[in-house]
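Asks: Just input16.txt, nothing more (compact mmCIF, C-alpha atoms):
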# COMPACT_ATOMS: atom_id res chain seq x y z
CA THR A 1 10.80 -36.50 9.30
CA VAL A 2 9.15 -34.40 6.62
CA GLN A 3 5.96 -35.77 5.14
CA PRO A 4 5.86 -35.19 1.37
CA PRO A 5 2.91 -33.26 -0.07
CA THR A 6 -0.12 -35.35 -0.95
CA PRO A 7 -1.48 -35.35 -4.54
CA ASP A 8 -4.43 -33.16 -3.58
CA GLN A 9 -2.01 -30.38 -2.54
CA TYR A 10 -0.29 -29.79 -5.89
CA GLN A 11 -0.98 -29.73 -9.62
CA SER A 12 2.54 -30.01 -11.04
CA SER A 13 6.00 -31.29 -10.18
CA LEU A 14 7.05 -27.69 -9.56
CA GLY A 15 4.19 -27.23 -7.10
CA TYR A 16 5.23 -30.43 -5.33
CA THR A 17 8.86 -29.31 -5.10
CA SER A 18 7.89 -25.88 -3.78
CA LEU A 19 5.74 -27.36 -1.00
CA LEU A 20 8.41 -29.91 -0.10
CA ILE A 21 11.10 -27.23 0.18
CA ASP A 22 8.86 -25.09 2.37
CA LYS A 23 8.30 -28.03 4.72
CA HIS A 24 12.07 -28.26 5.22
CA LYS A 25 12.50 -24.70 6.53
CA PRO A 26 12.42 -25.61 10.26
CA HIS A 27 14.96 -28.38 9.70
CA ALA A 28 17.23 -26.12 7.64
CA LYS A 29 17.05 -23.47 10.34
CA HIS A 30 17.98 -26.01 13.02
CA ALA A 31 20.91 -27.36 10.97
CA ILE A 32 22.29 -23.90 10.22
CA SER A 33 21.80 -22.76 13.84
CA THR A 34 23.87 -25.73 14.96
CA LEU A 35 26.52 -24.90 12.38
CA ILE A 36 26.88 -21.23 13.30
CA SER A 37 27.28 -22.12 16.97
CA THR A 38 30.71 -23.57 16.16
CA THR A 39 31.60 -22.12 12.75
CA SER A 40 31.65 -18.69 11.16
CA VAL A 41 29.08 -18.62 8.33
CA ALA A 42 29.65 -15.92 5.71
CA ALA A 43 26.37 -16.26 3.80
CA LEU A 44 23.53 -18.51 2.75
CA PHE A 45 22.97 -19.22 -0.95
CA VAL A 46 19.51 -20.08 -2.24
CA ASP A 47 18.64 -21.07 -5.78
CA MET A 48 15.92 -19.79 -8.08
CA PHE A 49 13.16 -21.98 -6.62
CA THR A 50 14.20 -22.16 -2.94
CA THR A 51 13.67 -18.52 -1.99
CA SER A 52 11.48 -19.50 0.97
CA MET A 53 14.82 -20.27 2.64
CA ILE A 54 15.48 -16.52 2.65
CA ASP A 55 13.28 -16.55 5.77
CA VAL A 56 15.84 -18.79 7.47
CA ALA A 57 18.70 -16.43 6.62
CA GLN A 58 16.73 -13.43 7.85
CA ASP A 59 15.77 -15.15 11.11
CA LEU A 60 19.41 -16.04 11.79
CA GLY A 61 20.85 -12.71 10.63
CA ILE A 62 22.89 -14.30 7.82
CA PRO A 63 23.49 -12.48 4.49
CA CYS A 64 21.65 -14.23 1.68
CA TYR A 65 22.61 -14.52 -2.01
CA LEU A 66 20.72 -16.02 -4.93
CA PHE A 67 22.55 -18.51 -7.15
CA PHE A 68 20.95 -18.49 -10.59
CA ALA A 69 21.95 -21.49 -12.71
CA SER A 70 20.12 -20.29 -15.84
CA PRO A 71 21.14 -17.42 -18.17
CA ALA A 72 21.06 -13.74 -17.28
CA SER A 73 18.37 -13.25 -19.92
CA PHE A 74 16.02 -15.57 -18.02
CA LEU A 75 16.96 -13.90 -14.73
CA GLY A 76 15.75 -10.67 -16.30
CA PHE A 77 12.44 -12.29 -17.20
CA MET A 78 11.99 -13.53 -13.64
CA LEU A 79 12.75 -10.10 -12.21
CA HIS A 80 10.27 -8.58 -14.68
CA LEU A 81 7.54 -11.17 -14.06
CA PRO A 82 5.88 -9.32 -11.13
CA ALA A 83 5.50 -6.25 -13.36
CA LEU A 84 4.09 -8.35 -16.21
CA ASP A 85 1.67 -9.96 -13.76
CA THR A 86 0.36 -6.50 -12.87
CA GLN A 87 0.30 -5.13 -16.43
CA LEU A 88 -1.44 -8.05 -18.16
CA ALA A 89 -4.91 -9.11 -17.07
CA VAL A 90 -5.02 -12.29 -19.16
CA ASP A 91 -2.99 -15.46 -19.56
CA PHE A 92 0.12 -15.17 -21.71
CA VAL A 93 -1.42 -17.75 -24.06
CA ASP A 94 -4.76 -19.43 -24.48
CA SER A 95 -5.29 -23.17 -24.42
CA ASP A 96 -6.53 -24.96 -27.51
CA SER A 97 -7.17 -28.70 -27.56
CA HIS A 98 -6.14 -29.07 -31.21
CA SER A 99 -3.08 -26.87 -31.60
CA GLY A 100 -1.81 -26.68 -28.03
CA PHE A 101 -0.96 -23.22 -26.78
CA ILE A 102 -1.72 -20.25 -29.01
CA VAL A 103 -1.51 -16.52 -28.43
CA PRO A 104 -5.04 -15.14 -27.94
CA LYS A 105 -6.09 -12.40 -30.34
CA ASP A 106 -6.78 -9.84 -27.62
CA SER A 107 -3.26 -10.09 -26.22
CA ALA A 108 -1.24 -11.03 -29.30
CA VAL A 109 1.53 -8.62 -28.41
CA GLU A 110 5.17 -9.43 -28.00
CA LEU A 111 6.60 -8.88 -24.54
CA ILE A 112 9.28 -6.32 -23.80
CA VAL A 113 11.74 -7.79 -21.31
CA PRO A 114 14.81 -5.62 -20.62
CA THR A 115 17.33 -8.48 -20.80
CA PHE A 116 16.25 -9.32 -24.36
CA SER A 117 17.12 -6.86 -27.12
CA LYS A 118 14.26 -8.17 -29.29
CA PRO A 119 10.54 -8.42 -28.42
CA LEU A 120 9.69 -11.76 -26.88
CA PRO A 121 6.82 -13.90 -28.24
CA PRO A 122 4.72 -15.20 -25.31
CA SER A 123 4.95 -18.70 -26.78
CA MET A 124 8.63 -18.70 -25.79
CA LEU A 125 7.81 -18.60 -22.07
CA PRO A 126 8.13 -21.62 -19.76
CA SER A 127 4.95 -23.70 -19.78
CA HIS A 128 4.43 -23.14 -16.04
CA VAL A 129 3.80 -19.41 -16.53
CA LEU A 130 1.52 -19.59 -19.56
CA LYS A 131 -1.64 -20.04 -17.47
CA ARG A 132 -2.13 -18.00 -14.30
CA ASN A 133 -4.50 -20.27 -12.42
CA THR A 134 -1.87 -22.94 -11.73
CA ASP A 135 0.49 -23.74 -8.88
CA GLY A 136 3.39 -23.56 -11.35
CA TYR A 137 2.65 -19.93 -12.19
CA PHE A 138 2.26 -19.09 -8.49
CA CYS A 139 5.60 -20.76 -7.74
CA PHE A 140 7.38 -18.76 -10.45
CA LEU A 141 5.79 -15.49 -9.35
CA GLU A 142 6.37 -15.89 -5.61
CA ASN A 143 10.01 -16.91 -6.08
CA ALA A 144 10.60 -14.03 -8.51
CA ARG A 145 9.19 -11.51 -6.04
CA ARG A 146 11.74 -12.55 -3.44
CA TYR A 147 14.88 -12.25 -5.56
CA THR A 148 15.29 -8.61 -4.58
CA GLU A 149 15.42 -9.58 -0.88
CA THR A 150 18.90 -11.01 -1.40
CA ILE A 151 22.07 -8.91 -1.23
CA GLY A 152 23.44 -10.23 -4.52
CA ILE A 153 22.70 -12.56 -7.42
CA VAL A 154 25.39 -14.94 -8.69
CA VAL A 155 24.73 -16.11 -12.26
CA ASN A 156 26.34 -18.94 -14.23
CA THR A 157 27.14 -16.83 -17.29
CA PHE A 158 29.82 -14.47 -18.55
CA LEU A 159 29.89 -11.00 -20.05
CA GLU A 160 31.24 -12.04 -23.45
CA LEU A 161 28.26 -14.36 -23.98
CA GLU A 162 25.42 -12.19 -22.64
CA PRO A 163 26.60 -8.56 -22.75
CA HIS A 164 23.15 -7.02 -23.29
CA ALA A 165 21.41 -9.08 -20.61
CA ILE A 166 24.10 -8.50 -17.99
CA GLU A 167 24.32 -4.77 -18.70
CA SER A 168 20.53 -4.37 -18.47
CA LEU A 169 20.60 -5.86 -14.98
CA SER A 170 22.94 -3.12 -13.74
CA ILE A 171 20.14 -0.78 -12.70
CA SER A 172 19.25 0.77 -9.38
CA GLY A 173 16.81 -1.12 -7.21
CA LEU A 174 18.20 -4.55 -8.03
CA PRO A 175 20.78 -6.50 -6.03
CA PRO A 176 24.21 -6.51 -7.69
CA VAL A 177 24.59 -9.26 -10.28
CA TYR A 178 27.82 -11.26 -10.41
CA PRO A 179 28.43 -13.28 -13.63
CA VAL A 180 30.80 -16.04 -12.50
CA GLY A 181 30.51 -18.50 -15.40
CA PRO A 182 31.00 -20.60 -17.19
CA ILE A 183 30.79 -23.11 -14.35
CA LEU A 184 31.38 -26.44 -16.08
CA ASP A 185 31.87 -30.01 -14.93
CA HIS A 186 34.61 -31.11 -17.31
CA ALA A 187 34.80 -34.51 -15.63
CA GLY A 188 31.21 -35.20 -16.62
CA ALA A 189 28.35 -36.56 -14.55
CA SER A 190 29.32 -40.24 -14.53
CA ARG A 191 28.91 -40.20 -10.75
CA TRP A 192 25.14 -40.14 -11.35
CA HIS A 193 25.50 -43.59 -12.88
CA PRO A 194 27.64 -46.02 -10.83
CA ASP A 195 28.82 -47.79 -13.98
CA GLY A 196 28.74 -44.65 -16.11
CA ALA A 197 32.46 -44.48 -16.91
CA GLN A 198 32.59 -48.09 -18.13
CA GLN A 199 29.42 -47.70 -20.19
CA GLN A 200 30.88 -44.74 -22.03
CA ASP A 201 34.01 -46.50 -23.25
CA SER A 202 32.34 -48.17 -26.24
CA ILE A 203 30.80 -44.84 -27.26
CA MET A 204 34.16 -43.10 -27.16
CA GLU A 205 35.78 -45.94 -29.08
CA TRP A 206 33.12 -45.54 -31.78
CA LEU A 207 33.74 -41.78 -31.93
CA ASP A 208 37.49 -42.42 -32.23
CA GLN A 209 36.79 -44.20 -35.52
CA GLN A 210 34.85 -41.28 -37.06
CA PRO A 211 36.35 -38.42 -39.12
CA PRO A 212 36.77 -35.02 -37.40
CA SER A 213 33.61 -32.88 -37.15
CA SER A 214 31.52 -35.51 -38.94
CA VAL A 215 29.06 -36.66 -36.27
CA VAL A 216 25.77 -35.02 -35.29
CA PHE A 217 25.12 -35.55 -31.58
CA LEU A 218 21.47 -35.67 -30.46
CA CYS A 219 20.83 -35.42 -26.73
CA PHE A 220 17.92 -33.93 -24.77
CA GLY A 221 19.31 -33.69 -21.26
CA SER A 222 19.09 -35.72 -18.07
CA MET A 223 15.36 -34.96 -17.75
CA GLY A 224 14.48 -34.91 -21.45
CA SER A 225 12.69 -37.66 -23.34
CA LEU A 226 10.47 -37.99 -26.40
CA GLU A 227 7.53 -40.27 -27.09
CA GLY A 228 7.64 -43.15 -29.58
CA PRO A 229 6.06 -41.38 -32.59
CA GLN A 230 8.52 -38.49 -32.29
CA LEU A 231 11.46 -40.88 -31.98
CA ARG A 232 10.40 -42.66 -35.14
CA GLU A 233 10.18 -39.37 -37.06
CA ILE A 234 13.68 -38.41 -35.90
CA ALA A 235 14.96 -41.82 -36.96
CA ILE A 236 13.47 -41.38 -40.44
CA GLY A 237 15.09 -37.96 -40.73
CA LEU A 238 18.49 -39.22 -39.62
CA GLU A 239 18.39 -42.12 -42.05
CA ARG A 240 17.40 -39.89 -44.96
CA SER A 241 20.07 -37.32 -44.13
CA GLY A 242 22.92 -39.77 -44.57
CA TYR A 243 24.93 -38.02 -41.85
CA ARG A 244 26.85 -39.79 -39.12
CA PHE A 245 25.09 -39.51 -35.77
CA LEU A 246 25.27 -40.34 -32.09
CA TRP A 247 21.77 -40.38 -30.60
CA SER A 248 21.03 -40.56 -26.87
CA ILE A 249 17.50 -41.90 -26.26
CA ARG A 250 15.81 -41.99 -22.85
CA GLU A 251 12.55 -43.72 -21.95
CA PRO A 252 9.81 -41.25 -20.89
CA PRO A 253 9.01 -41.19 -17.15
CA LYS A 254 6.17 -43.43 -16.03
CA GLY A 255 4.84 -41.10 -13.31
CA LYS A 256 4.40 -37.35 -12.82
CA LEU A 257 7.37 -37.14 -10.43
CA ASP A 258 9.58 -39.78 -12.08
CA LEU A 259 12.67 -39.16 -14.20
CA PRO A 260 13.42 -40.61 -17.64
CA GLY A 261 14.89 -44.09 -17.62
CA GLU A 262 16.70 -46.49 -19.93
CA TYR A 263 15.01 -48.61 -22.59
CA THR A 264 15.45 -52.36 -22.19
CA ASN A 265 14.70 -52.78 -25.92
CA VAL A 266 15.20 -49.52 -27.80
CA GLU A 267 14.77 -51.29 -31.15
CA ALA A 268 11.07 -51.72 -30.37
CA VAL A 269 10.40 -47.96 -30.42
CA LEU A 270 12.31 -47.29 -33.65
CA PRO A 271 11.31 -48.05 -37.26
CA ALA A 272 11.76 -51.69 -38.18
CA GLY A 273 15.31 -52.35 -39.37
CA PHE A 274 16.55 -48.83 -38.54
CA LEU A 275 19.47 -49.97 -36.40
CA ASP A 276 20.65 -52.44 -39.04
CA ARG A 277 20.33 -49.97 -41.92
CA THR A 278 22.26 -47.23 -40.09
CA ALA A 279 24.85 -49.45 -38.40
CA GLY A 280 27.63 -48.04 -40.55
CA LEU A 281 26.70 -44.41 -39.92
CA GLY A 282 25.15 -44.04 -36.50
CA LEU A 283 25.11 -45.20 -32.91
CA VAL A 284 22.05 -45.20 -30.65
CA CYS A 285 22.70 -45.22 -26.91
CA GLY A 286 21.03 -44.47 -23.57
CA TRP A 287 22.39 -42.05 -21.01
CA VAL A 288 25.62 -40.52 -22.22
CA GLN A 289 28.40 -38.52 -20.59
CA GLN A 290 27.58 -35.38 -22.57
CA VAL A 291 30.58 -33.22 -21.77
CA ARG A 292 32.92 -36.04 -22.76
CA VAL A 293 31.12 -36.45 -26.08
CA LEU A 294 31.04 -32.72 -26.87
CA SER A 295 34.78 -32.48 -26.27
CA HIS A 296 35.51 -35.20 -28.86
CA GLN A 297 36.94 -34.03 -32.19
CA ALA A 298 34.49 -36.19 -34.16
CA ILE A 299 31.47 -34.13 -33.04
CA GLY A 300 30.49 -31.51 -35.60
CA GLY A 301 26.99 -30.52 -34.50
CA PHE A 302 24.67 -30.78 -31.51
CA VAL A 303 20.87 -31.18 -31.63
CA SER A 304 20.10 -29.99 -28.11
CA HIS A 305 17.18 -29.36 -25.77
CA CYS A 306 18.93 -26.07 -24.93
CA GLY A 307 19.35 -26.57 -21.23
CA TRP A 308 21.71 -23.82 -20.06
CA ASN A 309 24.48 -26.20 -18.99
CA SER A 310 24.36 -27.83 -22.42
CA ILE A 311 24.62 -24.44 -24.12
CA LEU A 312 27.61 -23.46 -22.01
CA GLU A 313 29.30 -26.77 -22.76
CA SER A 314 28.70 -26.44 -26.49
CA VAL A 315 30.06 -22.88 -26.51
CA TRP A 316 33.11 -23.97 -24.52
CA TYR A 317 33.92 -26.80 -26.94
CA GLY A 318 32.93 -24.88 -30.06
CA VAL A 319 30.12 -27.18 -31.20
CA PRO A 320 27.25 -25.44 -33.07
CA ILE A 321 23.71 -26.12 -31.85
CA ALA A 322 20.47 -26.91 -33.66
CA THR A 323 17.80 -26.01 -31.12
CA TRP A 324 15.09 -28.42 -29.97
CA PRO A 325 13.76 -27.01 -26.65
CA VAL A 326 11.66 -29.44 -24.63
CA TYR A 327 10.74 -28.04 -21.20
CA ALA A 328 11.42 -25.41 -18.50
CA GLU A 329 13.05 -22.21 -19.78
CA GLN A 330 14.57 -23.92 -22.82
CA GLN A 331 12.35 -22.05 -25.31
CA LEU A 332 13.77 -18.79 -23.96
CA ASN A 333 17.30 -20.16 -24.09
CA ALA A 334 16.80 -21.21 -27.71
CA PHE A 335 15.32 -17.81 -28.59
CA GLU A 336 18.35 -16.07 -27.12
CA LEU A 337 20.78 -18.45 -28.81
CA VAL A 338 19.22 -18.07 -32.27
CA LYS A 339 17.62 -14.61 -32.38
CA GLU A 340 19.78 -12.63 -29.97
CA LEU A 341 23.26 -14.15 -30.16
CA GLY A 342 23.30 -15.84 -33.57
CA LEU A 343 25.00 -18.89 -32.08
CA GLY A 344 22.48 -21.55 -33.10
CA VAL A 345 20.05 -22.58 -35.81
CA GLU A 346 16.36 -23.19 -35.29
CA ILE A 347 14.76 -26.52 -36.16
CA ARG A 348 11.46 -25.60 -37.80
CA LEU A 349 8.34 -27.54 -38.61
CA ASP A 350 7.66 -28.01 -42.33
Can you turn what I pasted into structure tokens?
Replies:
Amino acid sequence: TVQPPTPDQYQSSLGYTSLLIDKHKPHAKHAISTLISTTSVAALFVDMFTTSMIDVAQDLGIPCYLFFASPASFLGFMLHLPALDTQLAVDFVDSDSHSGFIVPKDSAVELIVPTFSKPLPPSMLPSHVLKRNTDGYFCFLENARRYTETIGIVVNTFLELEPHAIESLSISGLPPVYPVGPILDHAGASRWHPDGAQQQDSIMEWLDQQPPSSVVFLCFGSMGSLEGPQLREIAIGLERSGYRFLWSIREPPKGKLDLPGEYTNVEAVLPAGFLDRTAGLGLVCGWVQQVRVLSHQAIGGFVSHCGWNSILESVWYGVPIATWPVYAEQQLNAFELVKELGLGVEIRLD
């Protein structure tokens, strides 16, 4: 039995996950040792935040590959992070209690990352790497340093989508990079929700009644949620726009390590009368089978958190994106989508 890390051992969910994975190394080694005693094992795959398992592969003499589920552009940032850590003596951004994160004057330079053709504003970086003295930054840096210990990196992308990023990774000193995407789950993730398939039927029936390319779909991912004031502002904007919409709303997690849940009374977090006033134009729902929705002919636009899987799905089904990044590397994904590839539009503050 593995004892989970105690709260005094980590600062963030990423720090917790990193410690928990590290605690599993002896058990992973035992399981794989048992497996190779009866079966031929070709290789061990680790993902972007489980590189401590490279030790297991090395101990057992098994070739090890990295599977990178994010874009090649972000892979390039991770590979470049150790160099940035050496070159820059200050945090990427400074903390300000009123305006959040701002670029400090003494380091207000855009970053040059080889997988991006344009200079990268530090504010686009994942929140975990903005401040050095955190377990999140340490987790990013230590994992990034180990990528080159693998014999190859398999990336969920394809050359036609990220030609510059993929080409820039073809340099000496790096493991070979294999773009194998797009890897898509066309059946959708209803298995995550035991009653998911049945719950989606009414949504699809509603979409069947809408004109082609007329509905704006708003969805912020399986881990994405917004607080009440932000939800109310979105509701006001949707109502004023007059456009048809399908809006997936998740309740924010109650604890640091919890996931978003479902509202028992979503009407309570929206403006009074909103659901009644927009009943003829829009539909508000909880968790939704995103890939099934994006493939529907009624969908004409996608307001997305810019998770990489969501971007790949939208590209596959030809649905344009309005970017609303929320967490993780989504700011970088949105930057690439809008500034580098011209495949999305940026939602800006007035």
Asks: Can you work out the spacing between CA of Tyr65 (chain A) and CA of Ile153 (chain A) in Å, to one decimal?
Replies: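 Separation of CA of Tyr65 (chain A) and CA of Ile153 (chain A): 5.8 Å.
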Asks: In terms of the shortest atom-to-atom distance over all atoms listed in the file, which of A:Trp308, A:Phe138, A:Phe302, A:Phe45 is closest to Ile321 (chain A)?
Replies: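 The answer is A:Phe302, which sits nearest to Ile321 (chain A).
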Asks: Would you mind telling me which residue in A:Val129, A:Ala43, A:Leu281, A:Met223 lies nearest to Tyr243 (chain A) when using all atoms listed in the file?
Replies: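 The shortest atom-to-atom distance to Tyr243 (chain A) comes from A:Leu281.
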Asks: Here is a test: counting all atoms listed in the file, which residue of A:Phe245, A:Phe140, A:Phe74, A:Tyr263 is nearest to Leu169 (chain A)?
Replies: A:Phe74
Asks: Between A:Ser241, A:Ser295, A:Ser214, A:Ser52, single out the one closest to Thr150 (chain A), counting only C-alpha atoms.
Replies: A:Ser52
Asks: Separation of CA of Met204 (chain A) and CA of Val293 (chain A), in Å?
Replies: 7.4 Å
Asks: In Å, rounded to a single decimal, give me how far CA of Asp91 (chain A) is from CA of Lys131 (chain A).
Replies: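 Rounded to one decimal, the two atoms are 5.2 Å apart.
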Asks: From the list A:Arg250, A:Lys339, A:Arg240, A:His30, which residue is nearest Ser222 (chain A) when using all atoms listed in the file?
Replies: A:Arg250
Asks: Considering all atoms listed in the file, state which residue in the set A:Pro325, A:Pro163, A:Gly342, A:Gly282 is at the smallest distance from Trp247 (chain A).
Replies: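 Closest to Trp247 (chain A), using all atoms listed in the file: A:Gly282.
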Asks: Residues within 10 Å of Ser168 (chain A), please, as a list of chain:residue names. Count only C-alpha atoms; anything in the same chain fewer than 2 positions from it doesn't count.
Replies: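 Contacts, in chain order: A:Ala72, A:Ser73, A:Gly76, A:Val113, A:Pro114, A:Thr115, A:Phe116, A:Ser117, A:Pro163, A:His164, A:Ala165, A:Ile166, A:Ser170, A:Ile171.
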Asks: Using all atoms listed in the file, determine which residues lie at most 8 Å from Pro121 (chain A), disregarding the query and same-chain residues fewer than 5 positions distant; provide the list as number ranges by chain.
Replies: A: 109-111
Asks: Keeping only C-alpha atoms, take the residues you just selected and write them out as a PDB file, keeping the file's coordinate frame.
Replies:
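Contents of again01.pdb, freshly written:
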ATOM      1  CA  VAL A 109       1.530  -8.620 -28.410  1.00  0.00           C
ATOM      2  CA  GLU A 110       5.170  -9.430 -28.000  1.00  0.00           C
ATOM      3  CA  LEU A 111       6.600  -8.880 -24.540  1.00  0.00           C
TER       4      LEU A 111
END
Asks: Set the distance at 10 Å and use all atoms listed in the file: which residues neighbour Arg146 (chain A) once local chain neighbours fewer than 4 positions away are removed? I'd like the list as a list in words.
Replies: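 After dropping sequence-adjacent residues, the list is Met48, Thr50, Thr51, Ser52, Ile54, Leu66, Leu79, Leu141, Glu142 and Thr150 of chain A.
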Asks: Just the residues within 9 Å of Ser12 (chain A), please, counting all atoms listed in the file, with nothing from its chain fewer than 2 positions along; format it as a PDB file with C-alpha atoms, keeping the file's coordinate frame.
Replies:
ATOM      1  CA  TYR A  10      -0.290 -29.790  -5.890  1.00  0.00           C
ATOM      2  CA  LEU A  14       7.050 -27.690  -9.560  1.00  0.00           C
ATOM      3  CA  GLY A  15       4.190 -27.230  -7.100  1.00  0.00           C
ATOM      4  CA  TYR A  16       5.230 -30.430  -5.330  1.00  0.00           C
ATOM      5  CA  THR A  17       8.860 -29.310  -5.100  1.00  0.00           C
ATOM      6  CA  HIS A 128       4.430 -23.140 -16.040  1.00  0.00           C
ATOM      7  CA  THR A 134      -1.870 -22.940 -11.730  1.00  0.00           C
ATOM      8  CA  ASP A 135       0.490 -23.740  -8.880  1.00  0.00           C
ATOM      9  CA  GLY A 136       3.390 -23.560 -11.350  1.00  0.00           C
ATOM     10  CA  LYS A 256       4.400 -37.350 -12.820  1.00  0.00           C
ATOM     11  CA  LEU A 257       7.370 -37.140 -10.430  1.00  0.00           C
TER      12      LEU A 257
END
Asks: Restrict the output to region 24-73 of chain A and C-alpha atoms, then write it as a compact mmCIF listing (two decimals), in the first residue's frame.
Replies:
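Full text of out26.txt as output:
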# COMPACT_ATOMS: atom_id res chain seq x y z
CA HIS A 24 4.88 4.00 -6.81
CA LYS A 25 8.27 3.30 -8.39
CA PRO A 26 9.05 0.15 -6.34
CA HIS A 27 5.61 -1.27 -7.10
CA ALA A 28 5.90 -0.46 -10.81
CA LYS A 29 9.31 -2.13 -10.90
CA HIS A 30 7.94 -5.25 -9.22
CA ALA A 31 4.96 -5.43 -11.60
CA ILE A 32 7.10 -5.00 -14.71
CA SER A 33 9.71 -7.49 -13.42
CA THR A 34 6.94 -10.05 -13.03
CA LEU A 35 5.68 -9.27 -16.52
CA ILE A 36 9.05 -9.61 -18.27
CA SER A 37 9.65 -12.97 -16.61
CA THR A 38 6.92 -14.46 -18.82
CA THR A 39 6.45 -11.92 -21.63
CA SER A 40 8.68 -10.07 -24.05
CA VAL A 41 8.47 -6.34 -23.30
CA ALA A 42 9.49 -4.06 -26.18
CA ALA A 43 9.54 -0.74 -24.31
CA LEU A 44 8.18 1.31 -21.45
CA PHE A 45 6.27 4.52 -22.18
CA VAL A 46 6.20 7.34 -19.65
CA ASP A 47 4.22 10.54 -19.95
CA MET A 48 5.29 14.14 -19.48
CA PHE A 49 4.99 14.11 -15.68
CA THR A 50 5.98 10.50 -14.86
CA THR A 51 9.63 10.64 -15.91
CA SER A 52 10.75 9.27 -12.54
CA MET A 53 9.64 5.92 -14.00
CA ILE A 54 12.59 6.19 -16.39
CA ASP A 55 14.59 4.86 -13.42
CA VAL A 56 12.51 1.68 -13.53
CA ALA A 57 13.18 1.18 -17.25
CA GLN A 58 16.90 1.78 -16.77
CA ASP A 59 17.11 -0.64 -13.82
CA LEU A 60 15.38 -3.35 -15.85
CA GLY A 61 17.23 -2.65 -19.10
CA ILE A 62 14.04 -1.76 -21.01
CA PRO A 63 14.02 0.92 -23.75
CA CYS A 64 12.01 3.94 -22.63
CA TYR A 65 9.94 6.37 -24.72
CA LEU A 66 8.13 9.55 -23.73
CA PHE A 67 4.49 9.92 -24.78
CA PHE A 68 3.65 13.62 -24.99
CA ALA A 69 -0.10 14.28 -25.10
CA SER A 70 0.27 18.05 -25.61
CA PRO A 71 1.39 19.87 -28.79
CA ALA A 72 4.90 19.80 -30.23
CA SER A 73 5.16 23.53 -29.52
